[in-house]
Amino acid sequence: WPHLRDSLRRVLVGLMFAAGLGIPVGVLIGYYRLADAASGVVFQFLRMISPLAWMPIAIIALGVGDYPIYFLIAVASIWPFIINTAHGVSRVDPLWVRVARNLGAGEAAVLYRVIIPAIIPDILTGLRLAIGMARVMLVPDEMLGVSSGIGYFILDTRDRFRYDQLMAAILTIGLIGYLLDGLVKTVQRRY
């Protein structure tokens with residue numbers, strides 16, 4: 001249980017960083033064509049770099065422990081937030097925006113009263129994809145010198161030849177992923 005708790009905390013913190021940066025960037029890119037044009041090449045280039053390739057840089061810059069894991073999970077999970085949010089914003093009916101402006105709404109009101117409510121399904125889709133990316137990154141990230149978490153537990157069970165516990169850990173990863181995805185799907189159905 002302590003390993004599972006630490007892994008879930010790391011996933012949650014990494015996802016919060018990814019959402020906190022990715023959603024505003026996605027809104028900016030989706031709303032302003034100039035921002036999309038200016039960032040397109042850079043984002044596509046960065047998105048194609050494997051998150052695992054950032055491991056040495058994360059350890060050099062952030063040391064050993066939770067911080068590089070948060071960083072690596074955020075790096076892997078940010079792209080679904082950016083891409084899905086930008087796609088959602090670009091699909092918002094321009095008529096809704098014109099009506100809001102004709103009724104006296106400023107840019108902030110258009111953003112918070114029209115754009116954000118309209119893109120919630122896209123953000124939730126991004127969250128589902130980001131959870132999958134975070135789970136894929138979690139196990140190798142936790143093999144980076146931490147002393148807890150599911151990834152650490154898998155290495156530890158291998159070293160102790162406890163293959164029964166190893167299989168239990170692998171099945172637990174699948175079960176937790178399934179439950180997290182089901183939770184987001186339940187929220188998604190509401191919207």
# chains A, B, ... in the order shown; residues from 1 in each chain; ligands from 1
>>> select_by_dssp(residues="region 31-157 of chain A", states="helix (DSSP H, G or I)", output="PyMOL selection string")
chain A and resi 31+33-47+51-62+66-90+94-102+107-141+150-157
>>> closest_atom_pairs(of="region 36-143 of chain A", to="region 168-184 of chain A", cutoff="10 Å", atoms="only C-alpha atoms", output="Markdown table")
| residue | atom | partner | partner_atom | distance |
| --- | --- | --- | --- | --- |
| A:Leu124 | CA | A:Val184 | CA | 6.9 |
| A:Thr125 | CA | A:Val184 | CA | 8.4 |
| A:Leu127 | CA | A:Val184 | CA | 7.6 |
| A:Arg128 | CA | A:Asp181 | CA | 6.1 |
| A:Leu129 | CA | A:Asp181 | CA | 8.9 |
| A:Ile131 | CA | A:Asp181 | CA | 7.5 |
| A:Gly132 | CA | A:Gly177 | CA | 7.3 |
| A:Ala134 | CA | A:Gly177 | CA | 9.8 |
| A:Arg135 | CA | A:Gly177 | CA | 7.1 |
| A:Val136 | CA | A:Ile173 | CA | 9.7 |
| A:Leu138 | CA | A:Ile173 | CA | 9.8 |
| A:Val139 | CA | A:Ile173 | CA | 9.2 |
>>> write_last_selection(atoms="C-alpha atoms", output="PDB file, in the first residue's frame")
ATOM      1  CA  LEU A 124     -11.332  15.361 -20.245  1.00  0.00           C
ATOM      2  CA  THR A 125     -10.245  13.419 -23.322  1.00  0.00           C
ATOM      3  CA  LEU A 127      -6.890  13.866 -19.232  1.00  0.00           C
ATOM      4  CA  ARG A 128      -7.696  10.276 -20.172  1.00  0.00           C
ATOM      5  CA  LEU A 129      -4.789  10.193 -22.611  1.00  0.00           C
ATOM      6  CA  ILE A 131      -3.306   9.350 -17.435  1.00  0.00           C
ATOM      7  CA  GLY A 132      -2.234   6.637 -19.867  1.00  0.00           C
ATOM      8  CA  ALA A 134       1.670   9.045 -16.912  1.00  0.00           C
ATOM      9  CA  ARG A 135       1.163   5.361 -16.111  1.00  0.00           C
ATOM     10  CA  VAL A 136       3.523   4.307 -18.893  1.00  0.00           C
ATOM     11  CA  LEU A 138       5.694   5.879 -13.904  1.00  0.00           C
ATOM     12  CA  VAL A 139       7.369   2.472 -13.752  1.00  0.00           C
TER      13      VAL A 139
END
>>> closest_residue(among="A:Asp141, A:Tyr67, A:Leu111, A:Gly88", to="Leu155 (chain A)", atoms="only C-alpha atoms")
A:Asp141
>>> residues_around(residues="Ala58 (chain A)", least_positions_apart="4", cutoff="7 Å", atoms="only C-alpha atoms", output="count of residues only")
3
>>> atom_distance(atom1="CA of Ile154 (chain A)", atom2="CA of Ser7 (chain A)")
12.1 Å
>>> residues_around(residues="region 22-38 of chain A", least_positions_apart="6", cutoff="10 Å", atoms="only C-alpha atoms", output="JSON, numbers by chain")
{"A": [15, 16, 74, 75, 77, 78, 79, 80, 81, 82, 83, 84, 85, 86, 87, 88, 89, 90, 91, 92, 111, 115, 116, 119, 123, 126]}
>>> write_last_selection(atoms="C-alpha atoms", output="PDB file, in the first residue's frame")
ATOM      1  CA  LEU A  15      -0.673  15.418 -14.049  1.00  0.00           C
ATOM      2  CA  MET A  16      -1.397  18.617 -12.132  1.00  0.00           C
ATOM      3  CA  ALA A  74       4.562  16.114 -16.683  1.00  0.00           C
ATOM      4  CA  VAL A  75       6.712  16.067 -19.845  1.00  0.00           C
ATOM      5  CA  SER A  77       1.478  14.053 -20.048  1.00  0.00           C
ATOM      6  CA  ILE A  78       1.468  17.659 -21.214  1.00  0.00           C
ATOM      7  CA  TRP A  79       0.977  16.928 -24.919  1.00  0.00           C
ATOM      8  CA  PRO A  80      -2.496  15.350 -24.669  1.00  0.00           C
ATOM      9  CA  PHE A  81      -3.639  18.410 -22.711  1.00  0.00           C
ATOM     10  CA  ILE A  82      -2.185  20.883 -25.214  1.00  0.00           C
ATOM     11  CA  ILE A  83      -3.378  19.078 -28.331  1.00  0.00           C
ATOM     12  CA  ASN A  84      -6.897  18.246 -27.125  1.00  0.00           C
ATOM     13  CA  THR A  85      -7.469  21.671 -25.593  1.00  0.00           C
ATOM     14  CA  ALA A  86      -6.270  23.465 -28.730  1.00  0.00           C
ATOM     15  CA  HIS A  87      -8.450  21.217 -30.871  1.00  0.00           C
ATOM     16  CA  GLY A  88     -11.466  21.900 -28.666  1.00  0.00           C
ATOM     17  CA  VAL A  89     -10.952  25.668 -28.774  1.00  0.00           C
ATOM     18  CA  SER A  90     -10.583  25.634 -32.552  1.00  0.00           C
ATOM     19  CA  ARG A  91     -13.923  23.778 -32.832  1.00  0.00           C
ATOM     20  CA  VAL A  92     -15.933  26.228 -30.723  1.00  0.00           C
ATOM     21  CA  LEU A 111     -13.060  32.812 -22.416  1.00  0.00           C
ATOM     22  CA  ILE A 115     -14.749  28.795 -24.519  1.00  0.00           C
ATOM     23  CA  ILE A 116     -13.966  26.934 -21.275  1.00  0.00           C
ATOM     24  CA  ILE A 119     -13.978  22.556 -24.318  1.00  0.00           C
ATOM     25  CA  ILE A 123      -9.948  18.571 -21.753  1.00  0.00           C
ATOM     26  CA  GLY A 126      -6.807  14.945 -22.875  1.00  0.00           C
TER      27      GLY A 126
END
>>> closest_residue(among="A:Ile60, A:Phe17, A:Gly65, A:Val187", to="Glu142 (chain A)", atoms="only C-alpha atoms")
A:Gly65
>>> atom_distance(atom1="CA of Arg162 (chain A)", atom2="CA of Pro51 (chain A)")
29.6 Å
>>> atom_distance(atom1="CA of Arg9 (chain A)", atom2="CA of Gly149 (chain A)")
9.5 Å
>>> residues_around(residues="Leu144 (chain A)", least_positions_apart="5", cutoff="10 Å", atoms="only C-alpha atoms", output="JSON, numbers by chain")
{"A": [55, 56, 59, 64, 65, 66, 68, 69, 139, 151, 152]}
>>> write_last_selection(atoms="C-alpha atoms", output="tab-separated table (two decimals), in the first residue's frame")
chain	number	residue	atom	x	y	z
A	55	MET	CA	15.77	11.17	-17.74
A	56	PRO	CA	19.47	12.10	-17.54
A	59	ILE	CA	18.41	13.78	-12.73
A	64	VAL	CA	17.38	12.00	-7.25
A	65	GLY	CA	13.96	11.64	-5.68
A	66	ASP	CA	10.43	12.72	-6.49
A	68	PRO	CA	12.59	14.30	-11.54
A	69	ILE	CA	9.66	11.87	-11.52
A	139	VAL	CA	7.37	2.47	-13.75
A	151	GLY	CA	8.35	0.78	-10.22
A	152	TYR	CA	10.70	0.41	-7.26
>>> closest_residue(among="A:Ile73, A:Val114, A:Tyr163, A:Met48", to="Pro94 (chain A)", atoms="only C-alpha atoms")
A:Val114
>>> closest_residue(among="A:Val11, A:Gly104, A:Arg98, A:Met137", to="Ala76 (chain A)", atoms="only C-alpha atoms")
A:Met137
